[in-house]
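Structure file run29.txt (compact mmCIF, C-alpha atoms) follows.
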```txt
# COMPACT_ATOMS: atom_id res chain seq x y z
CA MET A 1 10.80 30.55 9.89
CA CYS A 2 11.77 33.76 8.11
CA ALA A 3 11.02 34.13 4.40
CA SER A 4 14.48 35.59 3.83
CA ASP A 5 16.26 32.70 5.53
CA PRO A 6 18.78 31.34 2.96
CA VAL A 7 17.88 27.81 3.98
CA SER A 8 14.12 28.08 4.00
CA GLY A 9 12.78 31.13 2.16
CA PRO A 10 12.02 31.43 -1.54
CA ARG A 11 13.98 34.68 -1.71
CA GLY A 12 17.02 32.79 -0.51
CA MET A 13 17.04 30.52 -3.56
CA ARG A 14 20.23 30.78 -5.53
CA ARG A 15 21.02 29.52 -8.98
CA MET A 16 22.02 25.87 -8.82
CA LEU A 17 25.33 26.05 -10.64
CA PRO A 18 27.56 22.97 -10.13
CA ALA A 19 30.81 24.81 -9.33
CA SER A 20 32.59 21.85 -7.73
CA ALA A 21 32.83 18.09 -7.99
CA GLY A 22 30.56 17.84 -4.94
CA ASP A 23 27.96 20.05 -6.60
CA ARG A 24 28.05 18.00 -9.77
CA ALA A 25 27.77 14.76 -7.79
CA PHE A 26 24.78 16.11 -5.85
CA LEU A 27 22.93 17.13 -9.01
CA GLY A 28 23.91 13.92 -10.80
CA VAL A 29 22.55 11.72 -8.02
CA SER A 30 19.37 13.82 -7.88
CA VAL A 31 18.79 13.42 -11.61
CA LEU A 32 19.51 9.69 -11.38
CA LEU A 33 17.03 9.21 -8.52
CA PHE A 34 14.38 11.15 -10.42
CA ALA A 35 14.97 9.01 -13.51
CA VAL A 36 14.74 5.82 -11.46
CA GLY A 37 11.51 6.98 -9.81
CA ALA A 38 9.94 8.08 -13.09
CA THR A 39 10.96 4.89 -14.91
CA ALA A 40 9.68 2.67 -12.10
CA SER A 41 6.41 4.62 -11.96
CA ILE A 42 5.87 4.22 -15.70
CA ALA A 43 6.73 0.52 -15.48
CA GLY A 44 4.29 0.13 -12.57
CA GLY A 45 1.52 1.83 -14.53
CA VAL A 46 2.14 -0.42 -17.53
CA SER A 47 2.20 -3.47 -15.27
CA MET A 48 -1.14 -2.52 -13.71
CA SER A 49 -2.67 -2.08 -17.16
CA ALA A 50 -1.35 -5.48 -18.25
CA MET A 51 -3.08 -7.11 -15.28
CA GLY A 52 -6.42 -6.08 -16.73
CA GLU A 53 -9.06 -3.63 -15.64
CA MET A 54 -12.13 -4.16 -13.47
CA PRO A 55 -15.15 -2.18 -14.74
CA MET A 56 -17.41 -1.11 -11.89
CA PRO A 57 -21.03 0.06 -11.63
CA GLY A 58 -21.12 3.77 -12.36
CA GLY A 59 -18.78 3.55 -15.34
CA TRP A 60 -15.42 3.70 -13.57
CA ILE A 61 -12.46 1.32 -13.32
CA LEU A 62 -11.21 -0.19 -10.06
CA SER A 63 -7.42 -0.04 -9.79
CA MET A 64 -5.80 -3.44 -9.35
CA THR A 65 -3.49 -1.75 -6.84
CA TRP A 66 -5.99 -2.51 -4.07
CA THR A 67 -6.82 -6.13 -4.99
CA ARG A 68 -5.06 -9.46 -4.59
CA GLY A 69 -4.23 -11.34 -7.78
CA CYS A 70 -3.93 -15.07 -8.31
CA GLY A 71 -1.12 -16.55 -6.23
CA GLN A 72 -0.52 -13.31 -4.33
CA THR A 73 -0.56 -12.91 -0.57
CA TRP A 74 -1.54 -9.64 1.10
CA PRO A 75 2.09 -9.04 2.17
CA ASP A 76 3.04 -9.38 -1.51
CA VAL A 77 0.39 -6.83 -2.49
CA ALA A 78 1.48 -4.44 0.27
CA ALA A 79 5.15 -4.71 -0.71
CA SER A 80 4.27 -4.08 -4.36
CA PHE A 81 2.19 -1.04 -3.43
CA LEU A 82 4.87 0.45 -1.18
CA GLY A 83 7.50 -0.07 -3.88
CA MET A 84 5.34 1.75 -6.43
CA TRP A 85 4.46 4.43 -3.88
CA MET A 86 8.12 5.14 -3.13
CA ALA A 87 8.91 5.32 -6.85
CA MET A 88 6.04 7.78 -7.31
CA MET A 89 7.23 9.94 -4.42
CA LEU A 90 10.75 10.10 -5.85
CA ALA A 91 9.42 11.21 -9.22
CA MET A 92 6.82 13.62 -7.84
CA MET A 93 8.63 15.23 -4.91
CA LEU A 94 12.25 15.48 -6.06
CA PRO A 95 11.68 18.43 -8.43
CA SER A 96 10.57 20.58 -5.49
CA LEU A 97 12.83 18.97 -2.86
CA VAL A 98 16.18 19.24 -4.66
CA PRO A 99 16.35 23.08 -4.46
CA ALA A 100 15.66 22.90 -0.70
CA LEU A 101 18.37 20.25 -0.23
CA TRP A 102 20.75 22.31 -2.36
CA ARG A 103 20.25 25.39 -0.17
CA TYR A 104 20.54 23.25 2.97
CA ARG A 105 23.79 21.70 1.76
CA ALA A 106 25.26 25.13 0.97
CA ALA A 107 24.16 26.53 4.35
CA LEU A 108 25.73 23.55 6.15
CA GLY A 109 28.99 24.27 4.39
CA ARG A 110 28.86 27.91 5.50
CA ALA A 111 28.05 26.75 9.06
CA GLY A 112 31.27 24.73 9.17
CA ALA A 113 30.15 21.20 8.25
CA THR A 114 33.06 19.24 6.79
CA ARG A 115 30.78 16.90 4.82
CA PRO A 116 27.57 18.78 4.01
CA GLY A 117 26.63 16.38 1.18
CA PRO A 118 26.06 13.32 3.41
CA LEU A 119 24.11 15.47 5.89
CA ALA A 120 21.85 16.73 3.10
CA THR A 121 21.42 13.15 1.90
CA LEU A 122 20.43 12.09 5.42
CA ALA A 123 17.86 14.89 5.55
CA GLY A 124 16.45 13.72 2.21
CA ALA A 125 16.20 10.17 3.53
CA GLY A 126 14.22 11.42 6.54
CA TYR A 127 11.91 13.34 4.23
CA PHE A 128 11.10 10.29 2.13
CA LEU A 129 10.70 8.07 5.21
CA VAL A 130 7.74 10.24 6.21
CA TRP A 131 6.20 9.84 2.76
CA ASN A 132 6.74 6.08 2.88
CA ALA A 133 5.00 5.93 6.27
CA PHE A 134 2.15 7.92 4.74
CA GLY A 135 1.86 5.32 1.99
CA ALA A 136 1.87 2.50 4.55
CA ALA A 137 -1.09 4.18 6.27
CA VAL A 138 -2.95 4.72 2.98
CA PHE A 139 -2.67 1.12 1.76
CA PRO A 140 -5.02 -0.64 4.24
CA LEU A 141 -7.58 2.14 3.81
CA GLY A 142 -7.53 1.65 0.04
CA VAL A 143 -7.90 -2.12 0.41
CA VAL A 144 -10.89 -1.78 2.74
CA LEU A 145 -12.63 0.72 0.47
CA ALA A 146 -12.03 -1.46 -2.60
CA ALA A 147 -13.49 -4.48 -0.81
CA ILE A 148 -16.61 -2.49 0.15
CA GLU A 149 -17.05 -1.23 -3.41
CA LEU A 150 -16.78 -4.77 -4.78
CA ARG A 151 -19.45 -6.04 -2.40
CA GLN A 152 -21.83 -3.07 -2.55
CA PRO A 153 -22.82 -2.14 -6.14
CA ALA A 154 -24.95 0.75 -4.90
CA LEU A 155 -21.94 2.32 -3.21
CA ALA A 156 -19.77 1.60 -6.23
CA ARG A 157 -22.14 3.62 -8.42
CA ALA A 158 -21.57 6.64 -6.19
CA VAL A 159 -17.77 6.56 -6.57
CA PRO A 160 -17.57 8.98 -9.55
CA LEU A 161 -19.70 11.47 -7.63
CA VAL A 162 -17.64 11.05 -4.48
CA SER A 163 -14.42 11.44 -6.48
CA GLY A 164 -15.66 14.77 -7.80
CA ALA A 165 -16.55 15.87 -4.29
CA VAL A 166 -13.04 14.93 -3.08
CA VAL A 167 -11.49 17.06 -5.83
CA VAL A 168 -13.75 19.98 -4.85
CA LEU A 169 -12.74 19.63 -1.20
CA ALA A 170 -9.09 19.46 -2.23
CA GLY A 171 -9.59 22.69 -4.18
CA ALA A 172 -11.19 24.36 -1.18
CA PHE A 173 -8.27 23.17 0.97
CA GLN A 174 -5.95 25.29 -1.20
CA PHE A 175 -7.53 28.43 0.31
CA SER A 176 -7.34 27.32 3.96
CA PRO A 177 -5.04 28.80 6.64
CA TRP A 178 -3.74 25.26 7.29
CA LYS A 179 -2.54 25.06 3.68
CA THR A 180 -0.84 28.46 3.94
CA ARG A 181 1.02 27.47 7.12
CA ARG A 182 2.11 24.10 5.77
CA LEU A 183 3.26 25.62 2.47
CA ASP A 184 5.34 28.21 4.31
CA ALA A 185 6.88 25.44 6.42
CA CYS A 186 7.77 23.50 3.24
CA GLY A 187 10.28 26.13 2.14
CA GLY A 188 13.40 24.43 3.46
CA LEU A 189 15.25 22.58 6.17
CA SER A 190 16.33 23.88 9.54
CA SER A 191 15.90 23.04 13.18
CA GLY A 192 12.60 23.88 14.82
CA ASP A 193 14.14 27.07 16.27
CA GLY A 194 15.60 28.12 12.89
CA SER A 195 19.20 27.23 13.82
CA LEU A 196 21.42 25.00 11.72
CA PRO A 197 23.45 22.49 13.80
CA VAL A 198 25.87 20.45 11.71
CA ARG A 199 25.14 17.06 13.28
CA ALA A 200 23.70 13.92 11.68
CA ALA A 201 20.86 13.72 14.20
CA ALA A 202 19.89 17.32 13.46
CA ALA A 203 19.91 16.69 9.70
CA TRP A 204 17.74 13.60 10.16
CA ARG A 205 15.24 15.51 12.32
CA ALA A 206 15.18 18.38 9.82
CA GLY A 207 14.30 15.94 7.03
CA LEU A 208 11.58 14.32 9.10
CA ARG A 209 10.17 17.75 9.99
CA LEU A 210 10.14 18.86 6.37
CA GLY A 211 8.49 15.59 5.31
CA TRP A 212 5.80 16.07 7.97
CA HIS A 213 5.02 19.62 6.88
CA CYS A 214 5.08 18.80 3.17
CA SER A 215 2.88 15.72 3.52
CA GLY A 216 0.36 17.93 5.33
CA ASN A 217 0.69 20.55 2.61
CA CYS A 218 0.00 17.89 -0.04
CA VAL A 219 -3.05 16.28 1.58
CA GLY A 220 -5.34 17.60 -1.15
CA PHE A 221 -3.03 16.53 -3.97
CA THR A 222 -2.61 13.08 -2.44
CA ALA A 223 -6.38 12.66 -2.11
CA ILE A 224 -6.81 13.55 -5.78
CA LEU A 225 -4.12 11.08 -6.78
CA LEU A 226 -5.79 8.29 -4.83
CA VAL A 227 -9.37 8.87 -6.00
CA LEU A 228 -8.47 9.46 -9.66
CA GLY A 229 -5.96 6.62 -9.95
CA ALA A 230 -2.89 5.94 -7.83
CA MET A 231 -0.94 4.75 -10.88
CA ASP A 232 -2.50 7.01 -13.52
CA LEU A 233 0.52 8.62 -15.18
CA GLY A 234 -1.45 11.62 -16.44
CA VAL A 235 -2.79 12.43 -12.96
CA MET A 236 0.70 11.93 -11.50
CA ALA A 237 2.20 14.38 -14.01
CA LEU A 238 -0.42 17.05 -13.28
CA VAL A 239 -0.02 16.67 -9.52
CA THR A 240 3.78 16.86 -9.86
CA VAL A 241 3.55 20.10 -11.84
CA ALA A 242 1.14 21.60 -9.29
CA ILE A 243 3.31 20.65 -6.29
CA THR A 244 6.47 21.95 -7.93
CA ALA A 245 4.85 25.19 -9.08
CA GLU A 246 3.42 26.21 -5.74
CA ARG A 247 6.73 25.59 -3.97
CA LEU A 248 9.13 27.15 -6.46
CA VAL A 249 7.41 30.05 -8.23
CA PRO A 250 8.02 33.47 -6.62
CA ALA A 251 4.30 34.17 -6.05
CA ARG A 252 3.62 30.76 -4.59
CA HIS A 253 0.51 31.73 -2.61
CA GLY A 254 -1.01 33.11 -5.78
CA ALA A 255 -0.10 29.89 -7.55
CA THR A 256 -1.74 27.91 -4.75
CA ARG A 257 -5.01 29.80 -5.16
CA THR A 258 -4.91 29.47 -8.94
CA ILE A 259 -4.40 25.72 -8.61
CA GLY A 260 -7.27 25.64 -6.12
CA LEU A 261 -9.60 27.32 -8.63
CA VAL A 262 -8.64 24.79 -11.31
CA MET A 263 -9.35 21.96 -8.87
CA LEU A 264 -12.74 23.41 -7.95
CA VAL A 265 -13.74 23.62 -11.61
CA ALA A 266 -12.42 20.13 -12.36
CA GLY A 267 -14.20 18.69 -9.32
CA GLY A 268 -17.46 20.34 -10.34
CA ALA A 269 -17.16 18.84 -13.81
CA LEU A 270 -16.56 15.41 -12.31
CA ILE A 271 -19.62 15.76 -10.09
CA VAL A 272 -21.78 16.70 -13.08
CA ARG A 273 -20.44 13.73 -15.01
CA GLY A 274 -20.95 11.45 -11.99
CA ILE A 275 -24.61 12.45 -11.74
CA GLY A 276 -25.15 11.60 -15.41
CA PRO A 277 -25.00 7.77 -15.38
CA GLY A 278 -27.46 7.61 -12.50
```
Please express what this file holds, its structure, as structure tokens.
Amino acid sequence: MCASDPVSGPRGMRRMLPASAGDRAFLGVSVLLFAVGATASIAGGVSMSAMGEMPMPGGWILSMTWTRGCGQTWPDVAASFLGMWMAMMLAMMLPSLVPALWRYRAALGRAGATRPGPLATLAGAGYFLVWNAFGAAVFPLGVVLAAIELRQPALARAVPLVSGAVVVLAGAFQFSPWKTRRLDACGGLSSGDGSLPVRAAAAWRAGLRLGWHCSGNCVGFTAILLVLGAMDLGVMALVTVAITAERLVPARHGATRTIGLVMLVAGGALIVRGIGPG
């Protein structure tokens, strides 16, 4: 995937000026979806806080996201989690996804597509389907870990230390070749061979492919979000800024390394603090 490709490369990014009704509709829907995701995420965070907090050995708080409340069934809990997860993904990923969809939509128009907007929308749906599947895989793991922590106080005491170690590993991941390859593949949408067929099936596959690459690129960020609080609005905001910065700034590999250094320092501080309570 060439860096100068107008669909995929950062140098191909053009100013997003709504010159037509279709352009304005695209940007309007994008802003609306972001607002819905952000509002739902905030509401979910407030709702979790209202349910009460569960102090744990080691001085940390267990998120109610992974526990079953009175009158709830596990399917209810899973549905609630996936709803909040999808809202979070809309709020966190749209700022970096919209420019890629914009370029893809414009390139489809140049390639002869009569309705590039719906094709770009289909690609976006495929992208978020991958993230929703990722959330569905994360949920049972979170439930199992929460159950172990509730039953094993000794393990619960180690959680702050482990959380710091996860942040350090996520910081180290920022410097890995895997991260570099996945970040490069997150630049935009195209077919696997770099072509741009104007068919619905191709748009869907392009969205799925981009979602796969970007979820791999964001493994470290996702791990941080989960260990520091899946519905912590402050952590969500910081992760969103980091994801958007490393995808959109011109020197994105430099931004990735800078973010990695910040994560290493933050993780080290968390480890020191986790050792303190003993």
Where does stretch 11-114 of chain A meet stretch 243-261 of chain A within 10 Å, residue by residue, with the nearest atom pair and distance in Å to one decimal for each, counting all atoms listed in the file, listed by chain and rising number, as a Markdown table?
```
| residue | atom | partner | partner_atom | distance |
| --- | --- | --- | --- | --- |
| A:Arg11 | CA | A:Pro250 | CA | 7.8 |
| A:Met13 | CA | A:Leu248 | CA | 9.1 |
| A:Met92 | CA | A:Ile243 | CA | 8.0 |
| A:Met93 | CA | A:Thr244 | CA | 7.7 |
| A:Leu94 | CA | A:Thr244 | CA | 8.9 |
| A:Pro95 | CA | A:Thr244 | CA | 6.3 |
| A:Ser96 | CA | A:Thr244 | CA | 5.0 |
| A:Leu97 | CA | A:Thr244 | CA | 8.7 |
| A:Pro99 | CA | A:Leu248 | CA | 8.5 |
| A:Ala100 | CA | A:Leu248 | CA | 9.7 |
```
Item to complete: Fewer than 6 positions away in the same chain doesn't count, so skip those; otherwise give me all residues within 8 Å of stretch 158-166 of chain A, counting all atoms listed in the file, as a VMD selection string.
Response: chain A and resid 58 60 223 to 224 227 to 228 266 to 275
Computed gap from atom CA of A:Pro116 to atom CA of A:Arg199 is 9.7 Å
*asked:* Counting all atoms listed in the file, which residue out of A:Ser176, A:Ser80, A:Gln152, A:Gln72 sits closest to A:Met48?
replied: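 Answer, going by the shortest atom-to-atom distance: A:Ser80.
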Expressed in Å, the length from atom CA of A:Leu119 to atom CA of A:Arg205 is 11.0 Å
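Using all atoms listed in the file, the protein and nucleic acid residues lying at most 8 Å from the point (0.9, 13.7, 6.5) are Val130, Trp131, Phe134, Gly211, Trp212, His213, Cys214, Ser215, Gly216, Asn217, Cys218 and Val219 of chain A.
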Reconstruct N, CA and C atoms of stretch 44-79 of chain A from the incomplete input and present them as a short mmCIF file (atom, residue, chain, number, x, y, z; two decimals), keeping the file's coordinate frame.
```cif
data_model
loop_
_atom_site.label_atom_id
_atom_site.label_comp_id
_atom_site.auth_asym_id
_atom_site.auth_seq_id
_atom_site.Cartn_x
_atom_site.Cartn_y
_atom_site.Cartn_z
N GLY A 44 5.38 0.57 -13.44
CA GLY A 44 4.29 0.13 -12.57
C GLY A 44 2.94 0.38 -13.20
N GLY A 45 2.78 1.54 -13.85
CA GLY A 45 1.52 1.83 -14.53
C GLY A 45 1.25 0.87 -15.67
N VAL A 46 2.29 0.55 -16.43
CA VAL A 46 2.14 -0.42 -17.53
C VAL A 46 1.80 -1.80 -16.99
N SER A 47 2.46 -2.16 -15.87
CA SER A 47 2.20 -3.47 -15.27
C SER A 47 0.76 -3.58 -14.78
N MET A 48 0.25 -2.51 -14.17
CA MET A 48 -1.14 -2.52 -13.71
C MET A 48 -2.10 -2.67 -14.88
N SER A 49 -1.81 -1.98 -15.98
CA SER A 49 -2.67 -2.08 -17.16
C SER A 49 -2.66 -3.49 -17.73
N ALA A 50 -1.47 -4.12 -17.70
CA ALA A 50 -1.35 -5.48 -18.25
C ALA A 50 -2.12 -6.50 -17.42
N MET A 51 -2.34 -6.19 -16.15
CA MET A 51 -3.08 -7.11 -15.28
C MET A 51 -4.57 -7.10 -15.57
N GLY A 52 -5.00 -6.16 -16.40
CA GLY A 52 -6.42 -6.08 -16.73
C GLY A 52 -7.12 -5.03 -15.89
N GLU A 53 -8.29 -4.64 -16.33
CA GLU A 53 -9.06 -3.63 -15.64
C GLU A 53 -10.38 -4.22 -15.15
N MET A 54 -10.90 -3.66 -14.06
CA MET A 54 -12.13 -4.16 -13.47
C MET A 54 -13.21 -3.10 -13.57
N PRO A 55 -14.06 -3.17 -14.61
CA PRO A 55 -15.15 -2.18 -14.74
C PRO A 55 -16.10 -2.29 -13.55
N MET A 56 -16.55 -1.14 -13.06
CA MET A 56 -17.41 -1.11 -11.89
C MET A 56 -18.72 -0.40 -12.22
N PRO A 57 -19.78 -0.68 -11.46
CA PRO A 57 -21.03 0.06 -11.63
C PRO A 57 -20.78 1.56 -11.48
N GLY A 58 -21.37 2.34 -12.36
CA GLY A 58 -21.12 3.77 -12.36
C GLY A 58 -20.16 4.20 -13.44
N GLY A 59 -19.62 3.22 -14.19
CA GLY A 59 -18.78 3.55 -15.34
C GLY A 59 -17.34 3.90 -15.01
N TRP A 60 -16.81 3.43 -13.90
CA TRP A 60 -15.42 3.70 -13.57
C TRP A 60 -14.65 2.39 -13.48
N ILE A 61 -13.33 2.50 -13.34
CA ILE A 61 -12.46 1.32 -13.32
C ILE A 61 -11.78 1.22 -11.96
N LEU A 62 -11.88 0.04 -11.33
CA LEU A 62 -11.21 -0.19 -10.06
C LEU A 62 -9.74 -0.52 -10.31
N SER A 63 -8.85 0.22 -9.65
CA SER A 63 -7.42 -0.04 -9.79
C SER A 63 -7.06 -1.38 -9.17
N MET A 64 -6.26 -2.16 -9.87
CA MET A 64 -5.80 -3.44 -9.35
C MET A 64 -4.81 -3.27 -8.20
N THR A 65 -4.41 -2.02 -7.94
CA THR A 65 -3.49 -1.75 -6.84
C THR A 65 -4.04 -2.26 -5.51
N TRP A 66 -5.37 -2.21 -5.36
CA TRP A 66 -5.99 -2.51 -4.07
C TRP A 66 -6.54 -3.94 -4.00
N THR A 67 -6.27 -4.77 -4.98
CA THR A 67 -6.82 -6.13 -4.99
C THR A 67 -5.70 -7.16 -5.01
N ARG A 68 -6.04 -8.38 -4.62
CA ARG A 68 -5.06 -9.46 -4.59
C ARG A 68 -5.24 -10.34 -5.81
N GLY A 69 -4.17 -10.51 -6.59
CA GLY A 69 -4.23 -11.34 -7.78
C GLY A 69 -4.01 -12.80 -7.45
N CYS A 70 -4.13 -13.62 -8.48
CA CYS A 70 -3.93 -15.07 -8.31
C CYS A 70 -2.52 -15.35 -7.82
N GLY A 71 -2.42 -16.16 -6.76
CA GLY A 71 -1.12 -16.55 -6.23
C GLY A 71 -0.46 -15.51 -5.35
N GLN A 72 -1.10 -14.36 -5.16
CA GLN A 72 -0.52 -13.31 -4.33
C GLN A 72 -1.02 -13.42 -2.90
N THR A 73 -0.15 -13.08 -1.97
CA THR A 73 -0.56 -12.91 -0.57
C THR A 73 -0.70 -11.41 -0.30
N TRP A 74 -1.39 -11.06 0.78
CA TRP A 74 -1.54 -9.64 1.10
C TRP A 74 -0.20 -8.98 1.39
N PRO A 75 0.76 -9.66 2.05
CA PRO A 75 2.09 -9.04 2.17
C PRO A 75 2.73 -8.75 0.81
N ASP A 76 2.52 -9.64 -0.17
CA ASP A 76 3.04 -9.38 -1.51
C ASP A 76 2.42 -8.11 -2.10
N VAL A 77 1.10 -7.99 -1.96
CA VAL A 77 0.39 -6.83 -2.49
C VAL A 77 0.88 -5.56 -1.81
N ALA A 78 1.02 -5.62 -0.47
CA ALA A 78 1.48 -4.44 0.27
C ALA A 78 2.89 -4.04 -0.15
N ALA A 79 3.78 -5.02 -0.30
CA ALA A 79 5.15 -4.71 -0.71
C ALA A 79 5.18 -4.10 -2.10
#
```
